[in-house]
Amino acid sequence: MVFVDQTVDAVSNAEKAYCKFLSYSDIKGMNSQKNGFLLSRFAIYMFFSIQELRKKGNLRKNGMIKWQNDFTSDCLFVWDARKKELWITEIGVNFPYGDQDYIGALFVLTQNENYYQGFVLNTDDDIQGFLNVFGMSPVETDRILK
């Protein structure tokens, strides 16, 4: 439950936080150049300002995420305006949470200004522990937590 405690602390101390269950679509391209996680479009303000969004069209922004309070990876935050899709891409070919063992894992992302932390909870106990702290059921994910 160490990761649960770290994840809960990160969410509690974050300006913004988001969570979702990883799907086959998130995992299938992880070993390619175009790897990444598809997020709910409601998480867009974690990455782009209102002024940036007013420009219309696709947006891209370089970023960095610290994973599990352990290591960092560069990434690219992408808004595809035509498809209305929000992606975190280019996480890295050797990303450890990008194989089929993580389909169904709970992905949690926190933000404090331009500092991002990512957590991947992959056991039933860890996932349920996190959801219980925030009074959520599994169907209440894929959304902004704060």
# chains A, B, ... in the order shown; residues from 1 in each chain; ligands from 1
>>> residues_around(residues="A:Glu113", least_positions_apart="5", cutoff="10 Å", atoms="only C-alpha atoms", output="short mmCIF file (atom, residue, chain, number, x, y, z; two decimals) with N, CA and C atoms, in the first residue's frame")
data_model
loop_
_atom_site.label_atom_id
_atom_site.label_comp_id
_atom_site.auth_asym_id
_atom_site.auth_seq_id
_atom_site.Cartn_x
_atom_site.Cartn_y
_atom_site.Cartn_z
N ALA A 14 -1.97 18.33 -4.61
CA ALA A 14 -1.93 18.83 -5.98
C ALA A 14 -2.93 19.95 -6.21
N GLU A 15 -2.61 20.79 -7.18
CA GLU A 15 -3.58 21.79 -7.64
C GLU A 15 -4.68 21.11 -8.44
N LYS A 16 -4.27 20.15 -9.28
CA LYS A 16 -5.22 19.40 -10.11
C LYS A 16 -4.81 17.95 -10.11
N MET A 46 -5.24 20.89 -17.41
CA MET A 46 -4.02 20.50 -16.72
C MET A 46 -2.80 20.80 -17.58
N PHE A 47 -3.00 20.99 -18.88
CA PHE A 47 -1.89 21.12 -19.81
C PHE A 47 -1.89 22.42 -20.62
#
>>> residues_around(residues="stretch 53-65 of chain A", least_positions_apart="5", cutoff="6 Å", atoms="only C-alpha atoms", output="short mmCIF file (atom, residue, chain, number, x, y, z; two decimals) with N, CA, C and O atoms, in the first residue's frame")
data_model
loop_
_atom_site.label_atom_id
_atom_site.label_comp_id
_atom_site.auth_asym_id
_atom_site.auth_seq_id
_atom_site.Cartn_x
_atom_site.Cartn_y
_atom_site.Cartn_z
N THR A 72 11.80 9.88 -13.88
CA THR A 72 11.08 10.84 -14.73
C THR A 72 11.17 10.39 -16.19
O THR A 72 12.07 9.66 -16.58
N SER A 73 10.20 10.85 -16.95
CA SER A 73 10.23 10.65 -18.39
C SER A 73 9.74 11.92 -19.06
O SER A 73 8.83 12.59 -18.57
N ASP A 74 10.39 12.25 -20.16
CA ASP A 74 9.90 13.33 -20.99
C ASP A 74 8.63 12.85 -21.66
O ASP A 74 8.41 11.64 -21.82
N CYS A 75 7.78 13.78 -22.05
CA CYS A 75 6.55 13.42 -22.74
C CYS A 75 6.07 14.60 -23.56
O CYS A 75 6.67 15.68 -23.54
N LEU A 76 5.01 14.38 -24.28
CA LEU A 76 4.40 15.42 -25.07
C LEU A 76 2.90 15.41 -24.78
O LEU A 76 2.26 14.36 -24.86
N PHE A 77 2.37 16.56 -24.40
CA PHE A 77 0.94 16.72 -24.18
C PHE A 77 0.35 17.21 -25.50
O PHE A 77 0.82 18.20 -26.06
N VAL A 78 -0.67 16.51 -26.00
CA VAL A 78 -1.20 16.80 -27.33
C VAL A 78 -2.71 16.95 -27.26
O VAL A 78 -3.41 16.08 -26.72
N TRP A 79 -3.21 18.04 -27.82
CA TRP A 79 -4.64 18.25 -28.00
C TRP A 79 -4.92 18.23 -29.50
O TRP A 79 -4.39 19.04 -30.26
N ASP A 80 -5.73 17.25 -29.92
CA ASP A 80 -6.16 17.14 -31.31
C ASP A 80 -7.55 17.78 -31.38
O ASP A 80 -8.54 17.16 -30.98
N ALA A 81 -7.58 19.00 -31.86
CA ALA A 81 -8.83 19.77 -31.85
C ALA A 81 -9.90 19.16 -32.75
O ALA A 81 -11.08 19.19 -32.42
N TYR A 116 4.47 17.57 -12.92
CA TYR A 116 3.50 16.49 -13.00
C TYR A 116 4.05 15.24 -12.32
O TYR A 116 5.24 14.94 -12.44
N GLN A 117 3.17 14.53 -11.63
CA GLN A 117 3.50 13.24 -11.05
C GLN A 117 2.51 12.21 -11.58
O GLN A 117 1.30 12.49 -11.64
#
>>> residues_around(residues="A:Val120", least_positions_apart="3", cutoff="10 Å", atoms="only C-alpha atoms", output="VMD selection string")
chain A and resid 3 to 4 7 19 to 22 67 to 68 97 102 105 to 109 123 126 to 127
>>> write_last_selection(atoms="N, CA and C atoms", output="PDB file, in the first residue's frame")
ATOM      1  N   PHE A   3       2.433   2.639  -2.514  1.00  0.00           N
ATOM      2  CA  PHE A   3       2.075   3.492  -3.649  1.00  0.00           C
ATOM      3  C   PHE A   3       0.728   4.164  -3.439  1.00  0.00           C
ATOM      4  N   VAL A   4      -0.183   3.498  -2.750  1.00  0.00           N
ATOM      5  CA  VAL A   4      -1.478   4.117  -2.468  1.00  0.00           C
ATOM      6  C   VAL A   4      -1.277   5.352  -1.605  1.00  0.00           C
ATOM      7  N   THR A   7       0.326   8.067  -3.608  1.00  0.00           N
ATOM      8  CA  THR A   7      -0.617   8.586  -4.597  1.00  0.00           C
ATOM      9  C   THR A   7      -1.647   9.491  -3.929  1.00  0.00           C
ATOM     10  N   CYS A  19      -7.694  10.798 -12.852  1.00  0.00           N
ATOM     11  CA  CYS A  19      -7.446   9.356 -12.842  1.00  0.00           C
ATOM     12  C   CYS A  19      -8.300   8.661 -13.888  1.00  0.00           C
ATOM     13  N   LYS A  20      -7.798   7.522 -14.340  1.00  0.00           N
ATOM     14  CA  LYS A  20      -8.517   6.690 -15.306  1.00  0.00           C
ATOM     15  C   LYS A  20      -7.925   5.295 -15.270  1.00  0.00           C
ATOM     16  N   PHE A  21      -8.709   4.330 -15.717  1.00  0.00           N
ATOM     17  CA  PHE A  21      -8.207   2.978 -15.884  1.00  0.00           C
ATOM     18  C   PHE A  21      -7.550   2.878 -17.259  1.00  0.00           C
ATOM     19  N   LEU A  22      -6.388   2.247 -17.316  1.00  0.00           N
ATOM     20  CA  LEU A  22      -5.690   2.065 -18.579  1.00  0.00           C
ATOM     21  C   LEU A  22      -6.390   0.987 -19.401  1.00  0.00           C
ATOM     22  N   TRP A  67       7.362   9.524 -12.214  1.00  0.00           N
ATOM     23  CA  TRP A  67       6.547   8.331 -12.040  1.00  0.00           C
ATOM     24  C   TRP A  67       6.850   7.643 -10.721  1.00  0.00           C
ATOM     25  N   GLN A  68       5.803   7.320  -9.968  1.00  0.00           N
ATOM     26  CA  GLN A  68       5.887   6.533  -8.733  1.00  0.00           C
ATOM     27  C   GLN A  68       6.915   7.136  -7.757  1.00  0.00           C
ATOM     28  N   TYR A  97       5.376   0.747 -17.519  1.00  0.00           N
ATOM     29  CA  TYR A  97       3.948   0.485 -17.301  1.00  0.00           C
ATOM     30  C   TYR A  97       3.200   0.394 -18.619  1.00  0.00           C
ATOM     31  N   TYR A 102      -0.578  -4.142 -17.523  1.00  0.00           N
ATOM     32  CA  TYR A 102      -1.135  -2.930 -16.923  1.00  0.00           C
ATOM     33  C   TYR A 102      -2.490  -2.526 -17.504  1.00  0.00           C
ATOM     34  N   ALA A 105      -5.076  -1.222 -14.992  1.00  0.00           N
ATOM     35  CA  ALA A 105      -4.443  -0.512 -13.875  1.00  0.00           C
ATOM     36  C   ALA A 105      -5.031   0.891 -13.770  1.00  0.00           C
ATOM     37  N   LEU A 106      -4.971   1.472 -12.586  1.00  0.00           N
ATOM     38  CA  LEU A 106      -5.460   2.833 -12.385  1.00  0.00           C
ATOM     39  C   LEU A 106      -4.299   3.809 -12.550  1.00  0.00           C
ATOM     40  N   PHE A 107      -4.425   4.707 -13.502  1.00  0.00           N
ATOM     41  CA  PHE A 107      -3.443   5.749 -13.773  1.00  0.00           C
ATOM     42  C   PHE A 107      -3.915   7.023 -13.087  1.00  0.00           C
ATOM     43  N   VAL A 108      -3.038   7.624 -12.295  1.00  0.00           N
ATOM     44  CA  VAL A 108      -3.346   8.870 -11.583  1.00  0.00           C
ATOM     45  C   VAL A 108      -2.285   9.890 -11.967  1.00  0.00           C
ATOM     46  N   LEU A 109      -2.721  11.077 -12.354  1.00  0.00           N
ATOM     47  CA  LEU A 109      -1.812  12.153 -12.726  1.00  0.00           C
ATOM     48  C   LEU A 109      -2.131  13.372 -11.872  1.00  0.00           C
ATOM     49  N   THR A 123      -2.660  -3.357  -8.482  1.00  0.00           N
ATOM     50  CA  THR A 123      -3.257  -4.478  -7.749  1.00  0.00           C
ATOM     51  C   THR A 123      -4.670  -4.085  -7.331  1.00  0.00           C
ATOM     52  N   ASP A 126      -4.594  -2.080  -4.094  1.00  0.00           N
ATOM     53  CA  ASP A 126      -4.149  -0.689  -4.253  1.00  0.00           C
ATOM     54  C   ASP A 126      -5.227   0.161  -4.918  1.00  0.00           C
ATOM     55  N   ILE A 127      -5.824  -0.372  -5.964  1.00  0.00           N
ATOM     56  CA  ILE A 127      -6.869   0.374  -6.669  1.00  0.00           C
ATOM     57  C   ILE A 127      -8.044   0.644  -5.743  1.00  0.00           C
TER      58      ILE A 127
END
>>> atom_distance(atom1="atom CA of A:Gln128", atom2="atom CA of A:Glu90")
29.2 Å
>>> closest_residue(among="A:Val2, A:Val133, A:Ile88, A:Ile50", to="A:Asn69", atoms="only C-alpha atoms")
A:Val2
>>> select_by_dssp(residues="chain A", states="alpha helix (DSSP H)", output="PyMOL selection string")
chain A and resi 2-13+24-28+50-54+124-133
>>> select_by_dssp(residues="chain A", states="strand (DSSP E)", output="PyMOL selection string")
chain A and resi 16-21+36-39+59-67+71-80+85-89+106-112+115-121+143-144
